[in-house]
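Notes follow the structure.
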Amino acid sequence: MESTNQFSPSGRTREHSGTPTRRHLLRVSGAVAVAGLAGCADTVNTLVDGDDPAGADGDCGTGEPTEFVSEYATHPDENVSLFCRGLRRLGYYPDEAVPGSVSVNWTFPINYVGHTAAKSSPVPTPDGETIVFAGDNGWVHAYAPDGEKRWSTRTGATDLGFHGSAAIVGDTAYIGGYDGDLYALDIETGDLVWRIRSDELEGTLAIGSSPAYYDGTLYVIAEYGSPSSGALWAIDAETGEPTWSDDRIWGQPHPSPTIDLEAGRILAGSNDGVVYCWEFPSLEFLWEFQAEADGEEREDGAFRAGAEIKGTVAAHDGYGYFGSWDDTFYCLDLEDGSLEWAFETDGSIMSNPAVDPEEDVVYMGNDDGYVYAIDAKSGDERWSADVNGRVIGALSVTSGSVLVGSYDSHLYALDKETGDRCWRVENRGRVTSAPVPVDGRIYYAERAVFSNYYDDEEETIMEVPGHAYCLVGDE
């Protein structure tokens with residue numbers, strides 16, 4: 001049974017006192033502190049035919065999926081499903097094997113706005129029976145794996161919609177919007193459970209991050225304007241009441257909070273080029289790491305442009321992994337924020353990395369059009385693969401493959417051991433959400449297609465809305 005729900009917005013302004021060359025900086029020592037509404041089936045995909053000069057499809061090994069998935073990869077509470085799968089944001093799916101070839105099973109239009117941030121990623125309920133999609137026009141949708149639409153809810157985030165993804169806890173989905181509000185929706189019906197308006201969070205401009213959840217509390221990063229800044233908030237998940245905040249962040253942060261329970265850390269990056277870290281669960285502030293920012297000063301010298309951190313930190317074995325607009329991918333010791341190693345590239349890094357904790361490999365996408373596999377311990381490059389366009393969304397790693405969306409409007413599956421292309425699927429627009437594998441299906445979303453988007457003298461026209469997709473293996 002499909003249902004449709006609608007409600008309206010609110011908010012106020014905050015007052016707040018070729019082949020690329022690659023170089024490594026390995027084992028650097030010292031403590032540098034411092035996101036049509038009806039479902040429809042169609043078949044717009046084409047599989048690459050092997051004639052592409054950038055690389056043909058190969059017979060990639062799909063790997064053997066494991067039956068047991070540790071709390072390290074997912075969440076210690078089996079009733080919780082998060083963006084990048086778990087608190088550590090690893091994007092790790094060892095229990096999923098990517099099919100050797102795929103096609104589109106169903107698809108529906110979801111994104112209509114030209115905003116260049118990565119689009120919201122689908123999040124499955126813990127049992128995999130419902131997939132929650134959020135669009136950039138303020139609608140949230142729930143679909144069954146077979147493509148049946150269960151409900152659609154129109155929120156107040158009608159301007160730039162949603163770019164963060166939902167946190168699903170039991171029978172409730174929590175998601176923040178670009179209206180600055182935080183929403184709790186009933187998974188069965190789409191009805192509003194509660195809504196925290198912007199003025200209850202000191203006048204948020206937007207919430208572009210995806211909430212983290214642990215032990216009854218939601219943790220979310222909010223953005224503010226005038227000045228350009230941010231805050232980490234703790235929210236009671238049952239009541240929607242804010243319980244704590246720290247507004248030391250500068251630069252309108254987009255990344256989602258990462259929690260490493262073993263290390264006792266919660267951390268997030270921001271547009272000021274800083275990763276901020278608090279002790280968890282006490283929330284005592286511990287340290288900050290400043291990436292190399294050499295751009296113009298912002299907010300009267302509070303921070304500089306040039307090292308914006310857009311992607312969410314992945315935490316593994318006591319270390320944090322993330323990229324920056326300073327063309328560098330970093331590994332930090334979560335104990336004190338000291339730099340363990342840095343990997344230089346020839347392009348800005350916006351995407352969220354994926355980590356295989358069993359193999360100690362980090363997978364990173366880049367604006368230079370390559371995906372890199374990097375040894376998590378040493379920072380050495382294992383391989384690089386050309387995906388013909390910028391990578392700004394989150395990566396996912398399965399038992400045998402790396403899934404990644406590209407600006408060339410394709411979703412790629414790469415062999416995780418070699419980087420060889422297994423297959424790619426052509427879509428309408430640029431693929432900027434995380435690809436999410438669930439029970440043999442792969443879900444993701446793309447941007448709308450615009451003409452004259454960067455031409456100030458011509459009218460920008462949306463040619464085709466961005467769609468959400470479900471892929472299945474070919475028999």
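Convention: chains lettered A, B, ... in structure tokens order; per-chain residue numbering from 1; ligands numbered from 1 as shown.
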Could you pull out the residues in region 113-294 of chain A that DSSP calls strand (DSSP E or B) from the backbone, as a PyMOL selection string?
-> chain A and resi 123-124+131-134+139-143+149-154+167-169+172-176+182-186+192-196+206+212-214+217-224+229-236+242-250+258-260+265-269+274-279+285-290
Find the residues of region 279-324 of chain A that sit at most 12 Å from region 159-174 of chain A; for each, write down the nearest two atoms and how far apart they are in Å, to one decimal. Count only C-alpha atoms. Sort by chain, then by number going up, and give it as a Markdown table.
| residue | atom | partner | partner_atom | distance |
| --- | --- | --- | --- | --- |
| A:Lys310 | CA | A:Gly164 | CA | 11.9 |
| A:Gly311 | CA | A:Gly164 | CA | 11.4 |
| A:Thr312 | CA | A:Gly164 | CA | 11.0 |
Can you write out the residues you just picked, keeping C-alpha atoms, as a CSV table (one decimal), in the first residue's frame?
chain,number,residue,atom,x,y,z
A,310,LYS,CA,33.9,17.2,2.1
A,311,GLY,CA,34.1,13.4,2.6
A,312,THR,CA,33.4,11.5,5.8
Excluding Arg304 (chain A) and residues on its chain fewer than 2 positions from it, collect all residues at most 12 Å away from it, counting only C-alpha atoms, and give them as a list of chain:residue names.
->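 These residues fall inside the cut-off: A:Ser228, A:Trp250, A:Gly251, A:Ser270, A:Asn271, A:Asp272, A:Gly273, A:Val274, A:Gln290, A:Ala291, A:Glu292, A:Ala293, A:Asp294, A:Gly295, A:Glu296, A:Glu297, A:Arg298, A:Glu299, A:Asp300, A:Gly301, A:Ala302, A:Gly306, A:Ala307, A:Glu308, A:Trp325, A:Asp326.
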How would the residues just picked look written out with N, CA and C atoms as a PDB file, in the first residue's frame?
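Printed below is part.pdb as written:
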ATOM      1  N   SER A 228      30.126  31.619   8.565  1.00  0.00           N
ATOM      2  CA  SER A 228      30.177  30.279   7.996  1.00  0.00           C
ATOM      3  C   SER A 228      30.797  29.341   9.022  1.00  0.00           C
ATOM      4  N   TRP A 250      34.294  25.470  12.017  1.00  0.00           N
ATOM      5  CA  TRP A 250      34.188  26.548  11.042  1.00  0.00           C
ATOM      6  C   TRP A 250      33.914  25.982   9.658  1.00  0.00           C
ATOM      7  N   GLY A 251      33.264  26.780   8.792  1.00  0.00           N
ATOM      8  CA  GLY A 251      33.218  26.482   7.371  1.00  0.00           C
ATOM      9  C   GLY A 251      32.096  25.593   6.882  1.00  0.00           C
ATOM     10  N   SER A 270      35.544  19.418   8.071  1.00  0.00           N
ATOM     11  CA  SER A 270      34.746  20.572   7.687  1.00  0.00           C
ATOM     12  C   SER A 270      35.398  21.337   6.537  1.00  0.00           C
ATOM     13  N   ASN A 271      34.696  22.361   6.055  1.00  0.00           N
ATOM     14  CA  ASN A 271      35.202  23.176   4.953  1.00  0.00           C
ATOM     15  C   ASN A 271      36.367  24.066   5.345  1.00  0.00           C
ATOM     16  N   ASP A 272      36.710  24.121   6.605  1.00  0.00           N
ATOM     17  CA  ASP A 272      37.900  24.877   7.016  1.00  0.00           C
ATOM     18  C   ASP A 272      39.164  24.028   6.924  1.00  0.00           C
ATOM     19  N   GLY A 273      39.045  22.794   6.444  1.00  0.00           N
ATOM     20  CA  GLY A 273      40.208  21.925   6.303  1.00  0.00           C
ATOM     21  C   GLY A 273      40.658  21.289   7.594  1.00  0.00           C
ATOM     22  N   VAL A 274      39.784  21.261   8.587  1.00  0.00           N
ATOM     23  CA  VAL A 274      40.124  20.717   9.900  1.00  0.00           C
ATOM     24  C   VAL A 274      39.295  19.457  10.168  1.00  0.00           C
ATOM     25  N   GLN A 290      44.785  20.180  11.110  1.00  0.00           N
ATOM     26  CA  GLN A 290      44.595  21.139  10.037  1.00  0.00           C
ATOM     27  C   GLN A 290      45.298  20.676   8.772  1.00  0.00           C
ATOM     28  N   ALA A 291      44.530  20.420   7.699  1.00  0.00           N
ATOM     29  CA  ALA A 291      45.124  20.142   6.400  1.00  0.00           C
ATOM     30  C   ALA A 291      45.682  21.440   5.820  1.00  0.00           C
ATOM     31  N   GLU A 292      46.527  21.313   4.815  1.00  0.00           N
ATOM     32  CA  GLU A 292      47.233  22.478   4.282  1.00  0.00           C
ATOM     33  C   GLU A 292      46.294  23.371   3.478  1.00  0.00           C
ATOM     34  N   ALA A 293      45.855  24.457   4.092  1.00  0.00           N
ATOM     35  CA  ALA A 293      44.939  25.407   3.462  1.00  0.00           C
ATOM     36  C   ALA A 293      45.712  26.651   3.059  1.00  0.00           C
ATOM     37  N   ASP A 294      45.774  26.932   1.749  1.00  0.00           N
ATOM     38  CA  ASP A 294      46.566  28.064   1.277  1.00  0.00           C
ATOM     39  C   ASP A 294      45.736  29.074   0.486  1.00  0.00           C
ATOM     40  N   GLY A 295      44.399  28.989   0.610  1.00  0.00           N
ATOM     41  CA  GLY A 295      43.529  29.911  -0.108  1.00  0.00           C
ATOM     42  C   GLY A 295      43.270  31.186   0.666  1.00  0.00           C
ATOM     43  N   GLU A 296      42.302  31.947   0.211  1.00  0.00           N
ATOM     44  CA  GLU A 296      41.998  33.234   0.835  1.00  0.00           C
ATOM     45  C   GLU A 296      41.405  33.052   2.221  1.00  0.00           C
ATOM     46  N   GLU A 297      41.610  34.059   3.041  1.00  0.00           N
ATOM     47  CA  GLU A 297      41.071  34.002   4.399  1.00  0.00           C
ATOM     48  C   GLU A 297      39.555  34.154   4.386  1.00  0.00           C
ATOM     49  N   ARG A 298      38.917  33.457   5.299  1.00  0.00           N
ATOM     50  CA  ARG A 298      37.462  33.518   5.446  1.00  0.00           C
ATOM     51  C   ARG A 298      37.103  33.918   6.874  1.00  0.00           C
ATOM     52  N   GLU A 299      35.962  34.571   6.997  1.00  0.00           N
ATOM     53  CA  GLU A 299      35.434  34.969   8.312  1.00  0.00           C
ATOM     54  C   GLU A 299      36.496  35.697   9.139  1.00  0.00           C
ATOM     55  N   ASP A 300      37.031  36.766   8.529  1.00  0.00           N
ATOM     56  CA  ASP A 300      38.009  37.622   9.214  1.00  0.00           C
ATOM     57  C   ASP A 300      39.211  36.851   9.736  1.00  0.00           C
ATOM     58  N   GLY A 301      39.633  35.867   8.941  1.00  0.00           N
ATOM     59  CA  GLY A 301      40.838  35.124   9.298  1.00  0.00           C
ATOM     60  C   GLY A 301      40.609  33.911  10.159  1.00  0.00           C
ATOM     61  N   ALA A 302      39.340  33.545  10.431  1.00  0.00           N
ATOM     62  CA  ALA A 302      39.074  32.366  11.262  1.00  0.00           C
ATOM     63  C   ALA A 302      39.571  31.086  10.598  1.00  0.00           C
ATOM     64  N   GLY A 306      40.853  26.222   0.579  1.00  0.00           N
ATOM     65  CA  GLY A 306      41.909  25.477  -0.081  1.00  0.00           C
ATOM     66  C   GLY A 306      42.099  24.054   0.390  1.00  0.00           C
ATOM     67  N   ALA A 307      41.587  23.737   1.565  1.00  0.00           N
ATOM     68  CA  ALA A 307      41.764  22.374   2.085  1.00  0.00           C
ATOM     69  C   ALA A 307      40.439  21.801   2.576  1.00  0.00           C
ATOM     70  N   GLU A 308      39.344  22.210   1.932  1.00  0.00           N
ATOM     71  CA  GLU A 308      38.028  21.764   2.361  1.00  0.00           C
ATOM     72  C   GLU A 308      37.958  20.234   2.451  1.00  0.00           C
ATOM     73  N   TRP A 325      40.592  18.934  -0.286  1.00  0.00           N
ATOM     74  CA  TRP A 325      40.750  19.718  -1.501  1.00  0.00           C
ATOM     75  C   TRP A 325      42.199  20.164  -1.707  1.00  0.00           C
ATOM     76  N   ASP A 326      43.076  19.859  -0.791  1.00  0.00           N
ATOM     77  CA  ASP A 326      44.496  20.162  -1.013  1.00  0.00           C
ATOM     78  C   ASP A 326      45.190  19.046  -1.784  1.00  0.00           C
TER      79      ASP A 326
END
Identify which of the residues A:Gly177, A:Pro227, A:Gly323, A:Pro242 lies closest to Gly269 (chain A), counting only C-alpha atoms when measuring atom-to-atom distances.
->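 That would be A:Gly323, the residue with the smallest distance to Gly269 (chain A).
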Helix (DSSP H, G or I) call set, DSSP backbone run, region 189-242 of chain A, as a PyMOL selection string | chain A and resi 198-201
I need the residues from that last selection saved to file as a CSV table (one decimal), in the first residue's frame (with N, CA and C atoms), if you can.
chain,number,residue,atom,x,y,z
A,198,SER,N,14.8,24.4,12.7
A,198,SER,CA,16.1,25.1,12.6
A,198,SER,C,16.3,26.0,13.9
A,199,ASP,N,15.3,26.7,14.3
A,199,ASP,CA,15.5,27.6,15.5
A,199,ASP,C,15.7,26.9,16.8
A,200,GLU,N,15.4,25.6,16.8
A,200,GLU,CA,15.7,24.8,18.0
A,200,GLU,C,17.1,24.3,18.0
A,201,LEU,N,17.8,24.5,16.9
A,201,LEU,CA,19.2,24.2,16.8
A,201,LEU,C,20.0,25.5,16.5
Do a neighbour search on Glu463 (chain A) at 8 Å with only C-alpha atoms, toss out local chain neighbours closer than 3 positions, and write the hits as a PyMOL selection string.
-> chain A and resi 448-451
Would you mind telling me which residue in A:Ala157, A:Gly473, A:Trp233, A:Tyr92 lies nearest to Glu359 (chain A) when using only C-alpha atoms?
->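 Once distances to Glu359 (chain A) are computed over only C-alpha atoms, the minimum belongs to A:Tyr92.
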Neighbour list for Cys277 (chain A) as an NGL selection string, cut-off 8 Å, only C-alpha atoms, skip fewer than 2 positions in-chain | :A and (265-268 or 275 or 279 or 285-288)
Near region 98-104 of chain A, within 7 Å and counting only C-alpha atoms, which residues show up once chain neighbours fewer than 2 positions away are dropped, as a list in words?
-> Thr43, Asn45, Thr62, Glu96, Trp106, Ser401, Cys422, Trp423, Gly440, Tyr469, Cys470, Leu471, Val472, Gly473 and Asp474 of chain A
Looking at A:Asp246, A:Asp380, A:Asp215, A:Asp317, which one is nearest to Leu283 (chain A), with distances taken over only C-alpha atoms?
->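 Going through A:Asp246, A:Asp380, A:Asp215, A:Asp317 one by one, the smallest distance to Leu283 (chain A) is for A:Asp246.
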Find the residues near region 256-258 of chain A: any atom within 7 Å, counting only C-alpha atoms, skip ones fewer than 3 places away on the same chain, and give them as a list in words.
->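 Non-adjacent residues within range: Leu87, Arg88, Arg89, Ser209, Ser210, Pro211, Ala212, Tyr219, Val220, Ile221, Ile266, Leu267, Ala268, Thr312 and Val313 of chain A.
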Take the residues that were just selected and, keeping C-alpha atoms, output them as an mmCIF file, in the first residue's frame.
data_model
loop_
_atom_site.group_PDB
_atom_site.id
_atom_site.type_symbol
_atom_site.label_atom_id
_atom_site.label_comp_id
_atom_site.auth_asym_id
_atom_site.auth_seq_id
_atom_site.Cartn_x
_atom_site.Cartn_y
_atom_site.Cartn_z
ATOM 1 C CA LEU A 87 29.568 3.954 12.953
ATOM 2 C CA ARG A 88 33.079 3.743 11.518
ATOM 3 C CA ARG A 89 31.749 4.642 8.030
ATOM 4 C CA SER A 209 25.498 15.259 7.082
ATOM 5 C CA SER A 210 24.061 11.813 7.798
ATOM 6 C CA PRO A 211 23.242 11.143 11.470
ATOM 7 C CA ALA A 212 25.116 8.609 13.544
ATOM 8 C CA TYR A 219 24.850 12.674 16.548
ATOM 9 C CA VAL A 220 24.630 15.087 13.653
ATOM 10 C CA ILE A 221 26.694 17.927 12.171
ATOM 11 C CA ILE A 266 33.835 10.836 17.535
ATOM 12 C CA LEU A 267 35.140 13.031 14.726
ATOM 13 C CA ALA A 268 34.239 15.001 11.624
ATOM 14 C CA THR A 312 33.376 11.530 5.834
ATOM 15 C CA VAL A 313 36.303 10.084 7.789
#
Min atom-atom distance to Arg428 (chain A) from the set A:Ile175, A:Ala468, A:Val80, A:Ala263, counting only C-alpha atoms, belongs to A:Ala468
For CA of Leu232 (chain A) and CA of Thr204 (chain A), quote the distance in Å rounded to one decimal.
->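 Those two atoms sit 11.5 Å apart.
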Which of these, A:Tyr178, A:Tyr372, A:Phe108, A:Tyr363, has the shortest distance to Lys149 (chain A) once you count only C-alpha atoms?
->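 Closest residue, counting only C-alpha atoms: A:Phe108.
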